[in-house]
Amino acid sequence: MIPAPTRNLSRSNAQFRKAVKRLPLGVSSTFRYWGEERTLYVDHGKGGRIWDIDGNCYVDYRLGYGPAILGYADDRVDAAARRGMEVGGVFALSTERELIVADRVAKMVPAAELVRFSNSGTEAVMSALRLARAYTGRESYLLVEGGYHGLFDAVMWMAGMEGWDPGSNRDPEVVPYGKGIPPTVKQLAHLVPMNDLQRLEDTFRRHGDSLAAMLIEPIQGNCCAIAARRDYVQLARELCDRYGVLLIIDEVKTGFRVGRGGIQGILGVRPDITTFAKAVANGYPISLVAGREDVMRTFRYGGASHGGTYTAHAVSLAAAEECLRILDETPALETLANYGSRLMAGVSEILSARGIVHSFSGHPSMFGIFFAEAPPDNYRAWKTSDYSFYDRMAYYLHDLGIIVEPDSREPWFMCEAHGLDETCLSDTLKAVERAVDLTLQDQAEGRLTRGDADE
Ligand code: PMP
């Protein structure tokens with residue numbers, strides 16, 4: 001019998017009990033609530049690790065859902081941000097640094113001919129969709145099942161798996177992510193399953209003439225890093241051209257992470273509009289909507305509205321300038337991808353030694369672990385699979401000093417600092433080995449119940 005690990009969370013638990021009186025669920029984002037006794041309050045982060053207020057140290061593979069591409073509190077980016085602070089804030093006027101950052105983006109991502117700044121991924125995608133509608137004069141749009149594009153009503157529609165029969169020819173019902181999203185919005189949203197070429201063609205044939213845009217995350221950063229096949233994205237590009245639809249590649253998670261030119265560079269597909277956010281400034285709030293010159297010039301008086309009080313804030317902009325310089329000019333991305341490859345190999349060795357069938361999806365810089373011979377190639381396949389082993393392993397990993405998302409849909413994210421600190425890898429693999437053995441023990445004793453990650 002392997003004893004379950006213990007962790008002292010008394011301060012976090014006390015903080016939760018106080019916080020919940022003032023903050024719904026005691027947190028500022030619903031996904032940060034991990035139960036009354038496991039919700040963490042962070043003291044600080046440095047490099048690839050975070051420390052909670054009880055003093056527990058963790059190697060962190062959530063990295064704030066991806067932004068900390070270099071690592072927490074990166075000295076180079078933070079020094080730049082301090083210089084940005086000297087500029088004085090926001091003026092509702094422009095500064096010279098906007099062009100410097102936009103030039104860097106255009107150099108790294110050729111499809112980013114023109115650039116506008118926003119503050120979050122949600123805002124960038126919202127602007128991109130509005131831009132596509134303004135440019136095409138059309139209203140509806142196509143989403144891919146399993147994608148996530150932010151918190152605004154238009155994109156908060158998903159394939160409802162409740163009661164869906166995988167054996168039937170029927171599509172799952174399109175349902176909202178939560179309450180408060182008006183059903184009238186649904187009329188404009190169409191959903192297609194990832195990697196089904198025939199369905200994509202059929203959908204364009206039926207609705208292509210009324211679509212303003214197709215939105216796609218070619219590595220689904222919120223669905224187990226499920227990857228689009230190259231031929232699927234190429235077909236999407238062709239169909240968009242044929243029907244006058246704009247292709248929006250949402251690189252909020254993949255941008256400046258899977259490669260300097262993003263996932264579009266790897267796939268060799270040129271979108272009309274791209275959205276970026278997470279890795280742009282190593283965690284300072286900034287996002288980008290970028291794209292084809294004629295499309296982007298629709299942002300004008302009398303055209304598509306775009307702006308925002310905090311847009312191109314001097315602190316975030318200075319951080320972005322330095323972060324993108326590092327990503328472009330140094331081997332940071334190679335360092336973190338190499339670390340990811342070594343981590344996958346190490347995890348694989350542990351699982352294989354125990355005869356546990358597994359596979360990985362995504363990219364070494366952001367990957368999903370899947371307990372089956374091949375990773376799912378669409379959301380339906382993920383949703384109908386058994387992820388109870390992952391759920392339990394993630395639970396134990398937290399107790400053992402490794403932070404991964406409890407929900408198997410969220411990939412593991414790598415940062416440069418992981419790759420520069422050898423102890424991150426050895427600490428992680430030690431913990432993974434123990435977490436796997438504990439999970440196997442639970443499985444043998446019938447304690448694994450199929451969890452539903454939606455709950
Ligand atoms: N698009 C994608 C692909 C995302 O992963 C996210 C956030 N996880 C968003 C958009 C929304 O970004 P934000 O949380 O910054 O609003």
# chains A, B, ... in the order shown; residues from 1 in each chain; ligands from 1
$ residues_around --residues "A:Asp241" --least-positions-apart "5" --cutoff "12 Å" --atoms "only C-alpha atoms" --output "ChimeraX atom specification"
/A:204,208-209,211-214,234-236,246-247,270-272
$ residues_near_ligand --ligand "ligand 1" --cutoff "10 Å" --atoms "only C-alpha atoms and all ligand atoms" --output "CSV table (one decimal) with C-alpha atoms, in the first residue's frame"
chain,number,residue,atom,x,y,z
A,29,SER,CA,-12.1,33.3,-12.2
A,64,GLY,CA,-1.4,31.0,-16.0
A,65,TYR,CA,-2.9,29.1,-19.0
A,66,GLY,CA,0.1,29.9,-21.1
A,67,PRO,CA,1.3,33.4,-20.8
A,118,SER,CA,-6.2,44.9,-27.4
A,119,ASN,CA,-5.9,43.7,-23.8
A,120,SER,CA,-7.1,40.1,-23.6
A,121,GLY,CA,-7.7,37.2,-25.9
A,122,THR,CA,-11.4,37.7,-25.6
A,123,GLU,CA,-11.1,41.3,-26.8
A,124,ALA,CA,-8.8,40.3,-29.7
A,125,VAL,CA,-11.1,37.6,-31.0
A,126,MET,CA,-14.2,39.8,-30.5
A,147,GLY,CA,-12.4,25.3,-29.7
A,148,TYR,CA,-12.5,28.1,-27.1
A,149,HIS,CA,-12.3,31.7,-28.1
A,150,GLY,CA,-13.1,33.7,-25.0
A,151,LEU,CA,-15.9,34.9,-23.0
A,152,PHE,CA,-18.1,36.9,-25.4
A,155,VAL,CA,-18.2,32.2,-29.3
A,215,LEU,CA,-12.5,30.6,-36.6
A,216,ILE,CA,-10.1,27.9,-35.8
A,217,GLU,CA,-7.5,27.0,-33.2
A,218,PRO,CA,-5.3,24.5,-35.1
A,219,ILE,CA,-4.0,23.2,-31.8
A,220,GLN,CA,-7.0,23.3,-29.5
A,221,GLY,CA,-5.5,24.9,-26.4
A,222,ASN,CA,-8.6,24.2,-24.4
A,223,CYS,CA,-9.3,20.7,-25.6
A,249,ILE,CA,-6.7,31.6,-36.9
A,250,ASP,CA,-6.9,32.0,-33.1
A,251,GLU,CA,-3.3,31.8,-31.9
A,252,VAL,CA,-4.1,33.2,-28.5
A,253,LYS,CA,-2.4,30.1,-27.0
A,254,THR,CA,-0.2,28.9,-29.9
A,255,GLY,CA,1.2,32.3,-31.0
A,275,THR,CA,-5.4,36.8,-32.9
A,276,PHE,CA,-2.6,36.6,-30.3
A,277,ALA,CA,-2.5,37.1,-26.6
A,278,LYS,CA,-0.9,34.8,-24.0
A,285,PRO,CA,-2.0,42.0,-20.4
A,286,ILE,CA,-1.9,42.7,-24.1
A,287,SER,CA,-3.3,41.0,-27.2
A,410,GLU,CA,-6.0,21.9,-20.6
$ select_by_dssp --residues "stretch 110-280 of chain A" --states "helix (DSSP H, G or I)" --output "PyMOL selection string"
chain A and resi 121-136+153-155+183-188+197-210+230-243+262-267+278-280
$ closest_residue --among "A:Glu373, A:Asp294, A:Glu321, A:Asp231" --to "A:Thr136" --atoms "only C-alpha atoms"
A:Asp294
$ closest_residue --among "A:Pro411, A:Ile369, A:Ala189, A:Arg325" --to "A:Lys107" --atoms "only C-alpha atoms"
A:Arg325
$ closest_residue --among "A:Ile50, A:His398, A:Ile403, A:Arg237" --to "A:Leu9" --atoms "only C-alpha atoms"
A:His398
$ atom_distance --atom1 "atom CA of A:Leu333" --atom2 "atom CA of A:Arg116"
24.3 Å
$ select_by_dssp --residues "stretch 72-116 of chain A" --states "strand (DSSP E or B)" --output "PyMOL selection string"
chain A and resi 72+114-116
$ residues_around --residues "A:Arg292" --least-positions-apart "5" --cutoff "9 Å" --atoms "only C-alpha atoms" --output "list of chain:residue names"
A:Ala111, A:Ala112, A:Glu113, A:Leu114, A:Pro271, A:Asp272, A:Ile273, A:Arg297
$ write_last_selection --atoms "all heavy atoms" --output "PDB file, in the first residue's frame"
ATOM      1  N   ALA A 111       1.773  36.884 -42.119  1.00  0.00           N
ATOM      2  CA  ALA A 111       0.361  37.215 -42.379  1.00  0.00           C
ATOM      3  C   ALA A 111      -0.103  38.415 -41.555  1.00  0.00           C
ATOM      4  O   ALA A 111      -1.161  38.985 -41.821  1.00  0.00           O
ATOM      5  CB  ALA A 111      -0.529  36.016 -42.077  1.00  0.00           C
ATOM      6  N   ALA A 112       0.690  38.799 -40.556  1.00  0.00           N
ATOM      7  CA  ALA A 112       0.317  39.934 -39.699  1.00  0.00           C
ATOM      8  C   ALA A 112       0.785  41.233 -40.358  1.00  0.00           C
ATOM      9  O   ALA A 112       1.663  41.931 -39.857  1.00  0.00           O
ATOM     10  CB  ALA A 112       0.924  39.762 -38.314  1.00  0.00           C
ATOM     11  N   GLU A 113       0.176  41.548 -41.486  1.00  0.00           N
ATOM     12  CA  GLU A 113       0.642  42.717 -42.251  1.00  0.00           C
ATOM     13  C   GLU A 113       0.401  43.999 -41.464  1.00  0.00           C
ATOM     14  O   GLU A 113       1.248  44.891 -41.426  1.00  0.00           O
ATOM     15  CB  GLU A 113      -0.066  42.758 -43.604  1.00  0.00           C
ATOM     16  CG  GLU A 113       0.326  41.594 -44.506  1.00  0.00           C
ATOM     17  CD  GLU A 113      -0.521  41.485 -45.763  1.00  0.00           C
ATOM     18  OE1 GLU A 113      -1.338  42.386 -46.031  1.00  0.00           O
ATOM     19  OE2 GLU A 113      -0.364  40.475 -46.479  1.00  0.00           O
ATOM     20  N   LEU A 114      -0.778  44.115 -40.873  1.00  0.00           N
ATOM     21  CA  LEU A 114      -1.108  45.261 -40.024  1.00  0.00           C
ATOM     22  C   LEU A 114      -1.554  44.740 -38.661  1.00  0.00           C
ATOM     23  O   LEU A 114      -2.089  43.627 -38.573  1.00  0.00           O
ATOM     24  CB  LEU A 114      -2.226  46.101 -40.650  1.00  0.00           C
ATOM     25  CG  LEU A 114      -1.775  47.300 -41.519  1.00  0.00           C
ATOM     26  CD1 LEU A 114      -0.977  46.852 -42.730  1.00  0.00           C
ATOM     27  CD2 LEU A 114      -2.986  48.108 -41.980  1.00  0.00           C
ATOM     28  N   PRO A 271      -3.633  32.819 -42.741  1.00  0.00           N
ATOM     29  CA  PRO A 271      -4.996  33.287 -42.438  1.00  0.00           C
ATOM     30  C   PRO A 271      -5.190  34.733 -42.892  1.00  0.00           C
ATOM     31  O   PRO A 271      -4.218  35.437 -43.183  1.00  0.00           O
ATOM     32  CB  PRO A 271      -5.054  33.208 -40.912  1.00  0.00           C
ATOM     33  CG  PRO A 271      -3.639  33.407 -40.477  1.00  0.00           C
ATOM     34  CD  PRO A 271      -2.758  32.836 -41.557  1.00  0.00           C
ATOM     35  N   ASP A 272      -6.448  35.168 -42.919  1.00  0.00           N
ATOM     36  CA  ASP A 272      -6.715  36.582 -43.211  1.00  0.00           C
ATOM     37  C   ASP A 272      -6.524  37.422 -41.953  1.00  0.00           C
ATOM     38  O   ASP A 272      -6.077  38.561 -42.017  1.00  0.00           O
ATOM     39  CB  ASP A 272      -8.148  36.735 -43.731  1.00  0.00           C
ATOM     40  CG  ASP A 272      -8.359  35.900 -44.979  1.00  0.00           C
ATOM     41  OD1 ASP A 272      -7.696  36.202 -45.987  1.00  0.00           O
ATOM     42  OD2 ASP A 272      -9.125  34.920 -44.939  1.00  0.00           O
ATOM     43  N   ILE A 273      -6.913  36.830 -40.817  1.00  0.00           N
ATOM     44  CA  ILE A 273      -6.784  37.528 -39.531  1.00  0.00           C
ATOM     45  C   ILE A 273      -6.226  36.539 -38.516  1.00  0.00           C
ATOM     46  O   ILE A 273      -6.579  35.350 -38.534  1.00  0.00           O
ATOM     47  CB  ILE A 273      -8.163  38.029 -39.017  1.00  0.00           C
ATOM     48  CG1 ILE A 273      -8.886  38.867 -40.083  1.00  0.00           C
ATOM     49  CG2 ILE A 273      -8.007  38.852 -37.739  1.00  0.00           C
ATOM     50  CD1 ILE A 273     -10.321  39.255 -39.701  1.00  0.00           C
ATOM     51  N   ARG A 297      -7.585  47.474 -42.698  1.00  0.00           N
ATOM     52  CA  ARG A 297      -7.911  48.896 -42.892  1.00  0.00           C
ATOM     53  C   ARG A 297      -9.417  49.163 -42.751  1.00  0.00           C
ATOM     54  O   ARG A 297      -9.851  50.313 -42.815  1.00  0.00           O
ATOM     55  CB  ARG A 297      -7.357  49.403 -44.227  1.00  0.00           C
ATOM     56  CG  ARG A 297      -5.832  49.421 -44.263  1.00  0.00           C
ATOM     57  CD  ARG A 297      -5.238  50.546 -45.077  1.00  0.00           C
ATOM     58  NE  ARG A 297      -3.782  50.402 -45.182  1.00  0.00           N
ATOM     59  CZ  ARG A 297      -2.908  50.843 -44.256  1.00  0.00           C
ATOM     60  NH1 ARG A 297      -3.339  51.457 -43.168  1.00  0.00           N
ATOM     61  NH2 ARG A 297      -1.615  50.659 -44.407  1.00  0.00           N
TER      62      ARG A 297
END
$ residues_around --residues "A:Ala345" --least-positions-apart "4" --cutoff "12 Å" --atoms "only C-alpha atoms" --output "list in words"
Asn338, Tyr339, Gly340, Ser341, Glu349, Ile350, Leu351, Ser352, His358, Ser359, Phe360, Pro364, Ile369, Leu425 and Leu429 of chain A
$ residues_around --residues "A:Thr439" --least-positions-apart "2" --cutoff "7 Å" --atoms "only C-alpha atoms" --output "VMD selection string"
chain A and resid 389 392 to 393 435 to 437 441 to 443
$ closest_residue --among "A:Ala290, A:Ala134, A:Val192, A:Leu400" --to "A:Gly302" --atoms "only C-alpha atoms"
A:Ala134
$ residues_around --residues "stretch 304-306 of chain A" --least-positions-apart "2" --cutoff "8 Å" --atoms "only C-alpha atoms" --output "PDB file with N, CA and C atoms, in the first residue's frame"
ATOM      1  N   SER A 127     -12.795  41.506 -31.611  1.00  0.00           N
ATOM      2  CA  SER A 127     -12.468  42.487 -32.657  1.00  0.00           C
ATOM      3  C   SER A 127     -12.286  41.807 -34.010  1.00  0.00           C
ATOM      4  N   ARG A 130     -15.675  40.949 -35.429  1.00  0.00           N
ATOM      5  CA  ARG A 130     -16.351  42.163 -35.908  1.00  0.00           C
ATOM      6  C   ARG A 130     -15.725  42.653 -37.210  1.00  0.00           C
ATOM      7  N   LEU A 131     -14.410  42.585 -37.249  1.00  0.00           N
ATOM      8  CA  LEU A 131     -13.696  43.024 -38.450  1.00  0.00           C
ATOM      9  C   LEU A 131     -14.136  42.194 -39.660  1.00  0.00           C
ATOM     10  N   ALA A 134     -17.589  43.218 -40.671  1.00  0.00           N
ATOM     11  CA  ALA A 134     -17.587  44.542 -41.309  1.00  0.00           C
ATOM     12  C   ALA A 134     -17.034  44.436 -42.730  1.00  0.00           C
ATOM     13  N   THR A 298     -10.180  48.091 -42.510  1.00  0.00           N
ATOM     14  CA  THR A 298     -11.601  48.275 -42.190  1.00  0.00           C
ATOM     15  C   THR A 298     -11.764  48.899 -40.793  1.00  0.00           C
ATOM     16  N   PHE A 299     -10.705  48.826 -39.986  1.00  0.00           N
ATOM     17  CA  PHE A 299     -10.714  49.571 -38.716  1.00  0.00           C
ATOM     18  C   PHE A 299     -10.513  51.043 -39.053  1.00  0.00           C
ATOM     19  N   ARG A 300     -11.594  51.773 -39.151  1.00  0.00           N
ATOM     20  CA  ARG A 300     -11.502  53.203 -39.493  1.00  0.00           C
ATOM     21  C   ARG A 300     -12.817  53.863 -39.089  1.00  0.00           C
ATOM     22  N   TYR A 301     -12.844  55.167 -39.107  1.00  0.00           N
ATOM     23  CA  TYR A 301     -14.102  55.873 -38.860  1.00  0.00           C
ATOM     24  C   TYR A 301     -15.110  55.417 -39.913  1.00  0.00           C
ATOM     25  N   GLY A 302     -16.276  55.018 -39.475  1.00  0.00           N
ATOM     26  CA  GLY A 302     -17.284  54.548 -40.426  1.00  0.00           C
ATOM     27  C   GLY A 302     -17.115  53.083 -40.775  1.00  0.00           C
ATOM     28  N   GLY A 308     -10.522  51.081 -26.988  1.00  0.00           N
ATOM     29  CA  GLY A 308     -10.437  50.609 -25.603  1.00  0.00           C
ATOM     30  C   GLY A 308      -9.489  51.481 -24.812  1.00  0.00           C
TER      31      GLY A 308
END
$ residues_around --residues "A:Gly146" --least-positions-apart "3" --cutoff "9 Å" --atoms "only C-alpha atoms" --output "list in words"
Leu143, Met158, Ala159, Pro193, Met194, Gln220, Asn222, Cys223, Ile226, Asn378, Tyr379 and Arg380 of chain A
$ closest_residue --among "A:Ala337, A:Leu40, A:Ile326, A:Ala394" --to "A:Ser408" --atoms "only C-alpha atoms"
A:Ala394
